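Content type compact mmCIF, C-alpha atoms, from the file entry.txt:
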```txt
# COMPACT_ATOMS: atom_id res chain seq x y z
CA MET A 1 102.57 -76.58 -161.28
CA THR A 2 99.26 -75.76 -159.62
CA SER A 3 98.55 -72.30 -158.29
CA PHE A 4 99.13 -73.56 -154.74
CA GLY A 5 102.54 -75.14 -155.32
CA ASP A 6 101.58 -78.84 -155.46
CA LEU A 7 103.60 -80.25 -158.34
CA LEU A 8 101.69 -83.54 -158.31
CA GLY A 9 98.21 -82.14 -157.84
CA PRO A 10 95.66 -81.27 -160.51
CA GLN A 11 95.85 -78.04 -162.41
CA PRO A 12 93.54 -75.25 -161.21
CA THR A 13 90.04 -75.23 -162.62
CA LEU A 14 89.24 -71.92 -164.26
CA LEU A 15 85.58 -71.49 -165.12
CA PRO A 16 84.70 -69.60 -168.29
CA GLY A 17 82.13 -67.35 -166.62
CA ASP A 18 78.87 -66.02 -167.96
CA ASP A 19 79.50 -62.60 -169.48
CA GLU A 20 75.82 -61.78 -170.01
CA ALA A 21 74.83 -62.59 -166.41
CA GLU A 22 77.87 -60.84 -164.97
CA SER A 23 77.24 -57.72 -167.05
CA ALA A 24 73.57 -57.65 -166.09
CA LEU A 25 74.46 -57.86 -162.40
CA LEU A 26 77.09 -55.15 -162.73
CA ASP A 27 74.42 -53.02 -164.45
CA ARG A 28 72.30 -53.54 -161.30
CA GLU A 29 69.64 -55.69 -162.91
CA ASP A 30 67.46 -57.58 -160.46
CA PRO A 31 69.43 -60.73 -159.48
CA ALA A 32 66.20 -62.78 -159.51
CA LYS A 33 65.63 -61.79 -163.14
CA VAL A 34 69.26 -62.58 -163.96
CA ALA A 35 69.01 -65.99 -162.24
CA ALA A 36 65.82 -66.75 -164.16
CA GLU A 37 67.43 -65.79 -167.48
CA HIS A 38 70.79 -67.45 -166.66
CA PRO A 39 69.99 -70.27 -164.21
CA THR A 40 73.42 -71.86 -164.59
CA ALA A 41 75.22 -68.67 -163.49
CA SER A 42 76.29 -69.24 -159.87
CA ILE A 43 77.07 -65.56 -159.54
CA ALA A 44 73.37 -64.66 -159.80
CA TRP A 45 72.53 -67.16 -157.06
CA ALA A 46 75.35 -65.75 -154.95
CA TYR A 47 73.88 -62.25 -155.23
CA LEU A 48 70.47 -63.60 -154.17
CA ALA A 49 71.91 -65.60 -151.25
CA GLU A 50 74.00 -62.71 -149.95
CA ALA A 51 71.08 -60.26 -150.17
CA ALA A 52 68.78 -62.70 -148.35
CA HIS A 53 71.39 -63.20 -145.64
CA GLU A 54 71.81 -59.44 -145.23
CA ARG A 55 68.08 -58.97 -144.69
CA GLY A 56 67.98 -61.85 -142.19
CA ASP A 57 66.12 -64.32 -144.41
CA THR A 58 68.31 -67.30 -143.56
CA ILE A 59 66.16 -69.96 -145.21
CA ALA A 60 66.05 -68.09 -148.52
CA ALA A 61 69.82 -67.49 -148.25
CA TYR A 62 70.34 -71.20 -147.67
CA ALA A 63 68.15 -72.16 -150.64
CA TYR A 64 69.73 -69.67 -153.04
CA ALA A 65 73.25 -70.61 -151.93
CA ARG A 66 72.55 -74.33 -152.32
CA THR A 67 71.17 -73.77 -155.82
CA GLY A 68 74.24 -71.76 -156.85
CA TYR A 69 76.54 -74.29 -155.22
CA HIS A 70 75.02 -77.15 -157.24
CA ARG A 71 75.04 -75.12 -160.45
CA GLY A 72 78.71 -74.36 -159.77
CA LEU A 73 79.55 -78.02 -159.17
CA ASP A 74 77.98 -78.82 -162.55
CA GLN A 75 80.13 -76.16 -164.23
CA LEU A 76 83.27 -77.28 -162.46
CA ARG A 77 82.75 -80.89 -163.53
CA ARG A 78 82.08 -79.83 -167.12
CA ASN A 79 85.41 -78.00 -167.00
CA GLY A 80 87.46 -80.97 -165.80
CA TRP A 81 87.25 -80.73 -161.99
CA LYS A 82 87.17 -84.19 -160.40
CA GLY A 83 85.84 -83.16 -157.00
CA PHE A 84 89.18 -81.93 -155.70
CA GLY A 85 91.91 -79.55 -156.66
CA PRO A 86 92.35 -75.80 -156.88
CA VAL A 87 89.50 -73.49 -157.80
CA PRO A 88 91.31 -70.16 -157.40
CA TYR A 89 89.43 -67.25 -155.91
CA SER A 90 91.72 -64.93 -157.89
CA HIS A 91 90.00 -66.10 -161.11
CA GLU A 92 86.88 -63.89 -161.26
CA PRO A 93 84.55 -66.43 -162.94
CA ASN A 94 85.23 -68.90 -160.08
CA ARG A 95 83.90 -66.42 -157.53
CA GLY A 96 80.22 -67.12 -158.16
CA PHE A 97 80.67 -70.72 -157.04
CA LEU A 98 82.97 -69.80 -154.15
CA ARG A 99 80.60 -67.06 -152.97
CA CYS A 100 77.76 -69.58 -152.98
CA VAL A 101 79.82 -71.99 -150.86
CA ALA A 102 80.57 -69.15 -148.43
CA ALA A 103 76.91 -68.10 -148.30
CA LEU A 104 75.91 -71.72 -147.71
CA ALA A 105 78.43 -71.96 -144.87
CA LYS A 106 77.00 -68.83 -143.24
CA ALA A 107 73.39 -69.97 -143.60
CA ALA A 108 74.21 -73.47 -142.37
CA LYS A 109 75.88 -71.99 -139.31
CA ASP A 110 72.86 -69.75 -138.70
CA ILE A 111 70.45 -72.70 -138.68
CA GLY A 112 72.70 -74.91 -136.58
CA GLU A 113 73.92 -77.23 -139.34
CA ALA A 114 77.40 -77.61 -137.88
CA ASP A 115 78.40 -80.52 -140.12
CA GLU A 116 77.42 -78.70 -143.30
CA HIS A 117 79.10 -75.52 -142.10
CA ALA A 118 82.33 -77.50 -141.55
CA ARG A 119 82.04 -79.21 -144.96
CA CYS A 120 81.66 -75.83 -146.66
CA LEU A 121 84.71 -74.45 -144.84
CA ASP A 122 86.68 -77.55 -145.84
CA LEU A 123 85.60 -77.15 -149.46
CA LEU A 124 86.64 -73.49 -149.50
CA GLU A 125 90.01 -74.46 -148.00
CA ASP A 126 90.47 -77.20 -150.59
CA CYS A 127 89.50 -74.89 -153.45
CA ASP A 128 91.65 -71.98 -152.35
CA PRO A 129 93.19 -71.50 -148.89
CA ARG A 130 92.62 -67.74 -149.25
CA ALA A 131 88.94 -67.91 -150.18
CA ALA A 132 87.31 -68.13 -146.75
CA GLU A 133 89.11 -65.07 -145.47
CA ALA A 134 88.42 -63.15 -148.68
CA LEU A 135 84.74 -64.02 -148.36
CA GLY A 136 84.49 -63.26 -144.66
CA VAL A 137 83.65 -66.80 -143.57
CA GLU A 138 84.76 -68.36 -140.33
```

The structure given in the file should be rewritten as structure tokens.
Amino acid sequence: MTSFGDLLGPQPTLLPGDDEAESALLDREDPAKVAAEHPTASIAWAYLAEAAHERGDTIAAYAYARTGYHRGLDQLRRNGWKGFGPVPYSHEPNRGFLRCVAALAKAAKDIGEADEHARCLDLLEDCDPRAAEALGVE
């Protein structure tokens, strides 16, 4: 059974995470340095995107979020995801990817990309119906 109760659907995808990148970020290392040293770690790109958004640098937020989103898609596919199915927010290593999708949704909305904003919201809903609310995206 999947984590969302669909007996016929795919099993949830649980990413392995990047312990070195996550530890460095928790130790307050510069996220740009962490992203440079661990470019496949979506969590580093999420930190960069969220910080850029907070300081009002929407274009940088968009670029960082898109990079982390694509890095996350690569990881998901390497771990068996076929473009659909649960990617639970409750699984900590999945949060880097989901945070990038949320940051991309926010930046897309800010620059008037309504279609991309909607696609990001749909992806969050498909991955985990609780993710958008947990990430403060509307």

**Q.** Using all atoms listed in the file: which of A:Asp122, A:Glu138, A:Asp18, A:Asp110 has the shortest distance to Ala61 (chain A)
**A.** A:Asp110

Q) Excluding same-chain residues fewer than 2 positions from region 70-83 of chain A, what lies within 10 Å of it counting only C-alpha atoms, as a ChimeraX atom specification? A) /A:10-17,39-43,45,65-68,85-87,94-98,100-101,123,126-127

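A straight line drawn from CA of Leu8 (chain A) to CA of Ala132 (chain A) is 24.0 Å long.
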
Q) Interatomic distance between CA of Ala105 (chain A) and CA of Ile59 (chain A)? A)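 Between CA of Ala105 (chain A) and CA of Ile59 (chain A) the gap works out to 12.4 Å.
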
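Pairwise distance (CA of Ala24 (chain A), CA of Ala49 (chain A)) equals 16.9 Å.
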